[in-house]
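Below you'll find the structure, written out as structure tokens, and then a few comments.
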Amino acid sequence: MGVLVQGCLLLSVLTFAASVDFQLGPKAAGESNFVRQSNTPGRAARITKRSTWLAPAAPKHKLTKRSAVPGESCTAHKGFEAKLKSNTHKHTFNDLSGSVSLAWVGDGSGVILALTTYQVPFFMLKLGQSKLYRSENYGKTFEDVTEMINNTFIRSEFGIAIGPDNSGKAILTGEVSEVFGPPKSRIFVSSDFGKTFTPKDLPFIPLTQISYNPENSNVLLVLCNNNDLWISEDFGDNWRKIHETVCLVKWGRKNTIFFSTNPNGSCKDQGVLVLMRTTNYGKTIKTIASKIYSFGKGGRFLFASVMTGKGTLRSIHVSVDSGETWNMAQLPPVGHEQFYSILAASDEMVFMHVDEPGDSGYGTIYVSDDRGIVYSKSLERHLYSTTGGDTDFTNVTSLRGVFITSVLDEAMSVQTVISYDRGGEWTQPLKPTNSKCDATGKDPNKCSLHIHAAYSSSMRLNVPMLPLSEPNGVGIILAHGSVGDSISVMTPDVYVSDDGGYTWLRALVGPHHYAILDSGGLLVAVEQNNNQPVDKIKFSTDEGQCWSTYTFTTEAIYFTGLASEPGARSMNVSIWGYRDSLVSQNWVSVTIDFRDLLTRDCVDSDYVPWLAHSDDISDPNDGCMLGYKEKFLRLRKDSVCWNGRDYIVNTQPTPCPCTLDDFLCDFGYYRKENSSICEEQPDLQGKILEFCLNGKEEQLVTSGYRKIPGDKCEGGKMPQRKVIDLSERCVSDISEPDFVADHHKTVAVVTIVIIILLLSIAGGFIFIKKYVCGGRFLVHRYSVLQQQHVEDTAADGMDEPLDTDHAHNGKIEFHDDSDEDMLE
């Protein structure tokens, strides 16, 4: 495809509402991209700093009976060439388009939509075309169905919007050009897994991709290019405007919609936005907060970043009842050059990053209690770049409680840390036994594995993929990394862990694209070879110990992406690329079905018990993590068999007695380096800890520990902790909500409201001056976090949300400035 293909190549992978993209060239908003990268050591020196304390390195785990003797499992691959050759399917697209987006429609349906787009500027116009292809057999063959979209140009930045819950719905957003007049928009909708598409003209020009109600896929929501919010309750047949000047919108639970707006008509005036909520698709709207800077959702928590009224400082407020009531989170305030970011959230807890002042590129991770109000310091000097919103924070979905991220040490080098207990303790990953320490390391005595993630990718290091794990591939992690005293700028290798990050194995030399298939029973990889065509794929049936290499084509292709159905249950993988010659330039897709490689279905004897978080089975508490043990039935590494699409992770939980490992340091306490004991912060010794909760001041009586949210331990050691209601009122920084269902108020009512507001402001000023500015609550709240004191932190406003997507690619989509809060 010559210059066009090399300039912009995008391969999107969507299932339900998720997507993964491959691209050469600029990134479309809201998409995860893999970009051709060069090795540029000079840019890799600037990274983030380290925590104040790190636990000793994780103990070495012993080989279990799951482990295969090296080389034994490879013998089971004999004769694979003939089996795979008869199940290798090549499809050549007669298409000159510069990008292709893939979307899996449904779970296990085998249906893939491939959308190609081509667009070039022509004087004051842009000329473009789109083609649509459909496969019903996981990409083995494709049919050109472009006539179903009437040859309309489809806006590639919106991709293919796939409906939730295996609904079979898909939406394409097109642009209709008029010879005389402005362009118009048209969508093509499908409810039958892409067999047919129906065109529907829109009364607006979309600004964002159309989003589905997660609980009802017939209900659609979209922002238009003048920031009006539109809704359809009949899958796009009819549209109704909900509100004007909407800056950000998010779906909540039970058909709830949250959105921020500015009465003055501009979304650029942050700090004066209003947060609204509707539970009946805009028929009635309630104001739940005002003066906000940003808002966001995570789990059951609704967050708002609020202007404090003192300069440019902001603070976080949290609600667990969809904005009916708010509490101030016990977090330090941030200034105009700082930001908050929700790294991960569930119904039980929140990981919140708080940026340090200045362009430091690092901050502190705090972990919340189950109310999202009280936070404990989890990790200092956490890497989070100010230039592009890059953080290496990764939730390892293959094992409960495991998170990986990076810190910046005092020498300004990047180091990887891992937590196995939801941020209670962080340590450095062990050095793989089959790897040597990097020769560029400064300290040979400090040699451990360091994982390349979003930050390395942003620095243009040769890291084609971020760390990968799947919930149904228990314990398995694939990641690029280097071994030394810090992350190296040299070419990384691929490392595999089969126990959730406790131990690692160097599995492949050099950078690769990789995928997990058959619930972890099969790993596949294609070597990253910049500017050189490829013709080989590697695969492993023993979790990365032994790899076989298969030549999938006699004519090598320029590789652009590895695509497999999301969910890691499929046995099909597609290698996408193109052939470039003097006479033709074509997209090529090669799909390999590995089903015949695994000649039999797995039976009970192929599985053995495996205790997670375990290294010494003689210890009665061995394997206890977050209050209970988990024993899994996992596939033997030497069993070459098929788990199947119906495979279910089998786990047997057993509760454990409580120990100090089940507790975080409480509000006002911290751990010293290499210590598990929580000690009182020096500036709070002898002082009373108070905080504001639901409008009442409360006193915390604690021995320094609080249970990790979600911890299920029973009995054992239970440190004292209680909260005493002081029966004294305290104030919230968020304005009282107004119900705005009826906009036709009489003059008399308006007058009364104004009088009440004036009296409230006067009374509120006296109250704040007496009980807040002169009280201990705010002083202690912020001094415990070693931040500003009360005179700098009086609060009376709120915030607006910034989207985050750490689960997939570790990267935040920043707005124009890096000081915006990334609340999701």
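Note on naming: chains are A, B, ... as they come in the structure tokens, residues start from 1 per chain, ligands start from 1 in the order shown.
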
Open item on the list: Residues of region 452-653 of chain A classed as alpha helix (DSSP H) by DSSP on the backbone are to be reported as a ChimeraX atom specification.
Closed with: /A:454-458

Go ahead and dump the residues you just picked, C-alpha atoms, as a compact mmCIF listing (two decimals), in the first residue's frame.
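And here's selection13.txt as it stands now:
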```
# COMPACT_ATOMS: atom_id res chain seq x y z
CA ALA A 454 2.58 2.66 28.65
CA TYR A 455 5.39 5.02 29.59
CA SER A 456 8.03 3.03 27.69
CA SER A 457 5.71 2.99 24.69
CA SER A 458 5.24 6.75 24.88
```

Open item on the list: With DSSP run on the backbone, what are the strand (DSSP E or B) residues within region 216-415 of chain A? I'd like them as an MDAnalysis selection string.
Closed with: chainID A and resid 216:224 229:232 240:243 246:251 257:261 273:278 286:298 301:307 314:319 327:328 334 340:345 350:355 362:368 375:383 390 394:395 403:408 414:415

Open item on the list: Report as number ranges by chain all protein, DNA and RNA residues lying within 10 Å of Pro263 (chain A), evaluated on only C-alpha atoms, omitting residues in the same chain fewer than 5 positions from it.
Closed with: A: 244-246, 272-274

Now that the selection is made, can you save its residues with C-alpha atoms as a short mmCIF file (atom, residue, chain, number, x, y, z; two decimals), in the first residue's frame?
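out_31.cif was written with the following content:
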```
data_model
loop_
_atom_site.label_atom_id
_atom_site.label_comp_id
_atom_site.auth_asym_id
_atom_site.auth_seq_id
_atom_site.Cartn_x
_atom_site.Cartn_y
_atom_site.Cartn_z
CA GLU A 244 -27.44 22.27 25.65
CA THR A 245 -23.75 23.03 26.31
CA VAL A 246 -22.91 19.62 27.77
CA VAL A 272 -17.92 26.88 37.29
CA LEU A 273 -19.51 23.81 35.73
CA VAL A 274 -22.72 22.25 37.01
#
```

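Taking CA of Asp604 (chain A) and CA of Lys631 (chain A) as endpoints, the distance between them is 15.5 Å.
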
Env of Phe142 (chain A): 9 Å cut, atoms = only C-alpha atoms, seq-sep filter 6 positions within chain, self excluded. Answer as a compact mmCIF listing (two decimals) with all heavy atoms, in the first residue's frame.
```txt
# COMPACT_ATOMS: atom_id res chain seq x y z
N HIS A 91 -6.71 -14.35 3.22
CA HIS A 91 -7.66 -13.53 2.46
C HIS A 91 -6.97 -12.24 2.03
O HIS A 91 -6.41 -11.51 2.86
CB HIS A 91 -8.90 -13.19 3.29
CG HIS A 91 -9.97 -12.51 2.50
ND1 HIS A 91 -10.95 -13.20 1.82
CD2 HIS A 91 -10.22 -11.20 2.27
CE1 HIS A 91 -11.75 -12.35 1.20
NE2 HIS A 91 -11.33 -11.12 1.47
N PHE A 93 -7.39 -8.56 0.31
CA PHE A 93 -8.39 -7.53 0.05
C PHE A 93 -7.93 -6.67 -1.13
O PHE A 93 -6.82 -6.13 -1.11
CB PHE A 93 -8.58 -6.63 1.28
CG PHE A 93 -9.11 -7.35 2.48
CD1 PHE A 93 -8.26 -8.09 3.29
CD2 PHE A 93 -10.45 -7.27 2.82
CE1 PHE A 93 -8.74 -8.75 4.41
CE2 PHE A 93 -10.94 -7.93 3.93
CZ PHE A 93 -10.09 -8.68 4.73
N ILE A 112 -17.11 -11.08 12.24
CA ILE A 112 -16.18 -9.96 12.28
C ILE A 112 -16.58 -8.97 11.20
O ILE A 112 -16.85 -9.36 10.06
CB ILE A 112 -14.72 -10.41 12.05
CG1 ILE A 112 -14.30 -11.46 13.08
CG2 ILE A 112 -13.77 -9.22 12.10
CD1 ILE A 112 -12.91 -12.03 12.82
N LEU A 113 -16.60 -7.69 11.56
CA LEU A 113 -16.76 -6.62 10.58
C LEU A 113 -15.41 -5.95 10.39
O LEU A 113 -14.72 -5.65 11.36
CB LEU A 113 -17.79 -5.60 11.05
CG LEU A 113 -19.24 -6.08 11.18
CD1 LEU A 113 -20.12 -4.96 11.73
CD2 LEU A 113 -19.79 -6.59 9.86
N ALA A 114 -15.04 -5.74 9.14
CA ALA A 114 -13.79 -5.04 8.82
C ALA A 114 -14.14 -3.79 8.01
O ALA A 114 -14.75 -3.89 6.94
CB ALA A 114 -12.86 -5.94 8.03
N TYR A 133 -16.47 -5.06 5.08
CA TYR A 133 -16.37 -6.49 4.82
C TYR A 133 -16.91 -7.24 6.04
O TYR A 133 -16.84 -6.76 7.17
CB TYR A 133 -14.92 -6.91 4.57
CG TYR A 133 -14.25 -6.17 3.45
CD1 TYR A 133 -13.61 -4.95 3.66
CD2 TYR A 133 -14.24 -6.68 2.15
CE1 TYR A 133 -13.00 -4.26 2.63
CE2 TYR A 133 -13.63 -6.01 1.11
CZ TYR A 133 -13.01 -4.79 1.35
OH TYR A 133 -12.41 -4.11 0.33
N ARG A 134 -17.43 -8.45 5.79
CA ARG A 134 -18.03 -9.24 6.88
C ARG A 134 -17.57 -10.69 6.78
O ARG A 134 -17.50 -11.27 5.69
CB ARG A 134 -19.54 -9.17 6.83
CG ARG A 134 -20.25 -9.87 7.96
CD ARG A 134 -21.77 -9.64 7.90
NE ARG A 134 -22.44 -10.24 9.04
CZ ARG A 134 -22.92 -11.49 9.05
NH1 ARG A 134 -22.79 -12.26 7.97
NH2 ARG A 134 -23.55 -11.96 10.12
N SER A 135 -17.24 -11.25 7.95
CA SER A 135 -16.86 -12.66 8.04
C SER A 135 -17.76 -13.35 9.05
O SER A 135 -18.13 -12.76 10.07
CB SER A 135 -15.40 -12.80 8.47
OG SER A 135 -15.08 -14.16 8.72
N GLU A 136 -18.12 -14.60 8.77
CA GLU A 136 -18.91 -15.40 9.70
C GLU A 136 -18.12 -16.57 10.26
O GLU A 136 -18.67 -17.42 10.95
CB GLU A 136 -20.19 -15.92 9.02
CG GLU A 136 -21.18 -14.84 8.65
CD GLU A 136 -22.46 -15.41 8.07
OE1 GLU A 136 -22.46 -16.60 7.68
OE2 GLU A 136 -23.47 -14.67 8.03
```

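The shortest atom-to-atom distance to Asn94 (chain A), with only C-alpha atoms taken into account, belongs to A:Gln585 out of A:Thr141, A:Thr591, A:Asn327, A:Gln585.
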
Open item on the list: So, with only C-alpha atoms as the atoms that count, which of A:Trp587, A:Ser486, A:Asp369, A:Trp251 lies closest to Gly98 (chain A)?
Closed with: A:Trp587

- [ ] For CA of His353 (chain A) and CA of Pro492 (chain A), determine how far apart the two atoms are, in Å to one decimal place.
- [x] 27.7 Å

- [ ] Would you list the contacts of region 622-628 of chain A as number ranges by chain, taking every protein, DNA or RNA residue within 10 Å and counting only C-alpha atoms, but skipping same-chain residues closer than 6 positions in sequence?
- [x] A: 400-401, 420-422, 424, 611-616, 652-659, 661-663, 707-714

Open item on the list: Residues near region 147-160 of chain A, anyone? I mean within 8 Å using only C-alpha atoms, not counting same-chain ones fewer than 3 positions away, as an NGL selection string.
Closed with: :A and (12 or 14 or 28-29 or 101-103 or 115 or 117 or 128-132 or 170-176 or 188 or 196-199 or 208-209)

Could you turn the residues from that selection into a file that holds C-alpha atoms, as a PDB file, in the first residue's frame?
```
ATOM      1  CA  SER A  12      -9.353  -1.934  15.675  1.00  0.00           C
ATOM      2  CA  LEU A  14     -13.967  -4.443  19.305  1.00  0.00           C
ATOM      3  CA  ALA A  28      -7.679   8.739  16.927  1.00  0.00           C
ATOM      4  CA  ALA A  29      -9.361   9.966  20.069  1.00  0.00           C
ATOM      5  CA  SER A 101     -10.831  -1.444  11.811  1.00  0.00           C
ATOM      6  CA  LEU A 102     -11.978  -4.848  13.056  1.00  0.00           C
ATOM      7  CA  ALA A 103     -14.992  -5.497  15.262  1.00  0.00           C
ATOM      8  CA  LEU A 115     -14.065  -1.373   7.886  1.00  0.00           C
ATOM      9  CA  THR A 117     -11.137   3.924   5.163  1.00  0.00           C
ATOM     10  CA  GLY A 128     -12.518   9.725   1.094  1.00  0.00           C
ATOM     11  CA  GLN A 129     -14.092   6.331   0.708  1.00  0.00           C
ATOM     12  CA  SER A 130     -14.962   3.396   2.945  1.00  0.00           C
ATOM     13  CA  LYS A 131     -15.477  -0.288   2.366  1.00  0.00           C
ATOM     14  CA  LEU A 132     -17.156  -2.787   4.667  1.00  0.00           C
ATOM     15  CA  ALA A 170     -23.561  -2.445  15.501  1.00  0.00           C
ATOM     16  CA  ILE A 171     -23.473   1.234  14.487  1.00  0.00           C
ATOM     17  CA  LEU A 172     -21.412   2.968  11.797  1.00  0.00           C
ATOM     18  CA  THR A 173     -21.307   6.775  11.727  1.00  0.00           C
ATOM     19  CA  GLY A 174     -21.113   8.203   8.212  1.00  0.00           C
ATOM     20  CA  GLU A 175     -20.539  11.608   6.679  1.00  0.00           C
ATOM     21  CA  VAL A 176     -22.770  12.732   3.824  1.00  0.00           C
ATOM     22  CA  PHE A 188     -26.068   2.716   9.667  1.00  0.00           C
ATOM     23  CA  THR A 196     -28.150  -6.037   7.248  1.00  0.00           C
ATOM     24  CA  PHE A 197     -27.707  -2.301   7.913  1.00  0.00           C
ATOM     25  CA  THR A 198     -30.384   0.391   7.942  1.00  0.00           C
ATOM     26  CA  PRO A 199     -29.486   4.041   7.171  1.00  0.00           C
ATOM     27  CA  THR A 208     -18.287  11.668  20.060  1.00  0.00           C
ATOM     28  CA  GLN A 209     -18.971   8.043  19.266  1.00  0.00           C
TER      29      GLN A 209
END
```

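If you measure from each of A:Lys310, A:Lys377, A:Val588, A:Ile575 to Gln681 (chain A) using only C-alpha atoms, the closest one turns out to be A:Lys377.
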
- [ ] Please provide as number ranges by chain all residues within 12 Å of Val496 (chain A), with the sequence filter that same-chain residues fewer than 3 positions apart are discarded (counting only C-alpha atoms).
- [x] A: 432, 434, 449, 451, 467-469, 475-481, 493, 499-509, 514-516, 520, 523, 540, 542-546

For the selection you just gave me, I'd like the residues written to a file as an mmCIF file, in the first residue's frame, keeping C-alpha atoms.
```
data_model
loop_
_atom_site.group_PDB
_atom_site.id
_atom_site.type_symbol
_atom_site.label_atom_id
_atom_site.label_comp_id
_atom_site.auth_asym_id
_atom_site.auth_seq_id
_atom_site.Cartn_x
_atom_site.Cartn_y
_atom_site.Cartn_z
ATOM 1 C CA PRO A 432 14.006 -14.490 36.284
ATOM 2 C CA ASN A 434 17.053 -17.762 33.106
ATOM 3 C CA LEU A 449 12.755 -7.600 36.495
ATOM 4 C CA ILE A 451 8.222 -4.266 33.103
ATOM 5 C CA PRO A 467 1.359 -6.307 29.729
ATOM 6 C CA LEU A 468 -1.412 -8.825 29.014
ATOM 7 C CA SER A 469 -3.519 -10.974 31.345
ATOM 8 C CA GLY A 475 -1.989 -16.612 36.943
ATOM 9 C CA ILE A 476 -0.689 -15.907 33.423
ATOM 10 C CA ILE A 477 0.968 -12.576 32.557
ATOM 11 C CA LEU A 478 2.847 -11.736 29.355
ATOM 12 C CA ALA A 479 4.957 -8.577 29.343
ATOM 13 C CA HIS A 480 8.005 -6.945 27.815
ATOM 14 C CA GLY A 481 10.785 -6.298 30.265
ATOM 15 C CA ASP A 493 12.459 -9.403 25.765
ATOM 16 C CA ASP A 499 1.704 -17.477 39.161
ATOM 17 C CA GLY A 500 0.431 -13.906 39.060
ATOM 18 C CA GLY A 501 3.804 -12.156 39.021
ATOM 19 C CA TYR A 502 5.669 -13.910 41.838
ATOM 20 C CA THR A 503 8.087 -15.638 39.442
ATOM 21 C CA TRP A 504 8.984 -14.915 35.825
ATOM 22 C CA LEU A 505 10.532 -16.697 32.868
ATOM 23 C CA ARG A 506 12.218 -15.134 29.858
ATOM 24 C CA ALA A 507 10.073 -16.726 27.191
ATOM 25 C CA LEU A 508 11.034 -14.949 23.945
ATOM 26 C CA VAL A 509 14.087 -12.952 22.897
ATOM 27 C CA TYR A 514 1.298 -11.771 21.636
ATOM 28 C CA ALA A 515 -2.138 -13.156 22.498
ATOM 29 C CA ILE A 516 -3.710 -15.568 24.978
ATOM 30 C CA GLY A 520 -4.389 -19.768 28.737
ATOM 31 C CA LEU A 523 -0.063 -18.622 23.765
ATOM 32 C CA SER A 540 3.251 -22.486 23.221
ATOM 33 C CA ASP A 542 2.825 -24.931 28.338
ATOM 34 C CA GLU A 543 2.473 -21.292 29.374
ATOM 35 C CA GLY A 544 5.625 -20.108 27.642
ATOM 36 C CA GLN A 545 8.194 -22.741 28.608
ATOM 37 C CA CYS A 546 8.519 -24.206 25.099
#
```

Task: Using only C-alpha atoms: which of A:Trp230, A:Trp642, A:Phe193, A:Phe80 has the shortest distance to Ile205 (chain A) - done: A:Trp230

Do you have, as JSON lines, the list of residues of region 390-455 of chain A lying at most 12 Å from region 354-364 of chain A, each with its nearest atom pair and that distance in Å to one decimal, counting only C-alpha atoms and ordered by chain then number?
```
{"residue": "A:Asp390", "atom": "CA", "partner": "A:Gly361", "partner_atom": "CA", "distance": 9.5}
{"residue": "A:Thr391", "atom": "CA", "partner": "A:Tyr362", "partner_atom": "CA", "distance": 9.4}
{"residue": "A:Asp392", "atom": "CA", "partner": "A:Tyr362", "partner_atom": "CA", "distance": 11.5}
{"residue": "A:Thr405", "atom": "CA", "partner": "A:Tyr362", "partner_atom": "CA", "distance": 11.9}
{"residue": "A:Ser406", "atom": "CA", "partner": "A:Tyr362", "partner_atom": "CA", "distance": 9.8}
{"residue": "A:Val407", "atom": "CA", "partner": "A:Tyr362", "partner_atom": "CA", "distance": 7.8}
{"residue": "A:Leu408", "atom": "CA", "partner": "A:Tyr362", "partner_atom": "CA", "distance": 7.4}
{"residue": "A:Asp409", "atom": "CA", "partner": "A:Tyr362", "partner_atom": "CA", "distance": 10.4}
{"residue": "A:Glu410", "atom": "CA", "partner": "A:Tyr362", "partner_atom": "CA", "distance": 11.9}
{"residue": "A:Met412", "atom": "CA", "partner": "A:Ser360", "partner_atom": "CA", "distance": 10.5}
{"residue": "A:Val414", "atom": "CA", "partner": "A:Tyr362", "partner_atom": "CA", "distance": 11.0}
{"residue": "A:Gly423", "atom": "CA", "partner": "A:Thr364", "partner_atom": "CA", "distance": 11.9}
{"residue": "A:Tyr455", "atom": "CA", "partner": "A:Gly361", "partner_atom": "CA", "distance": 11.0}
```

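Shortest separation to Lys140 (chain A) among A:Asn87, A:Ser497, A:Ser167, A:Thr386 occurs at residue A:Asn87, atoms counted being only C-alpha atoms.
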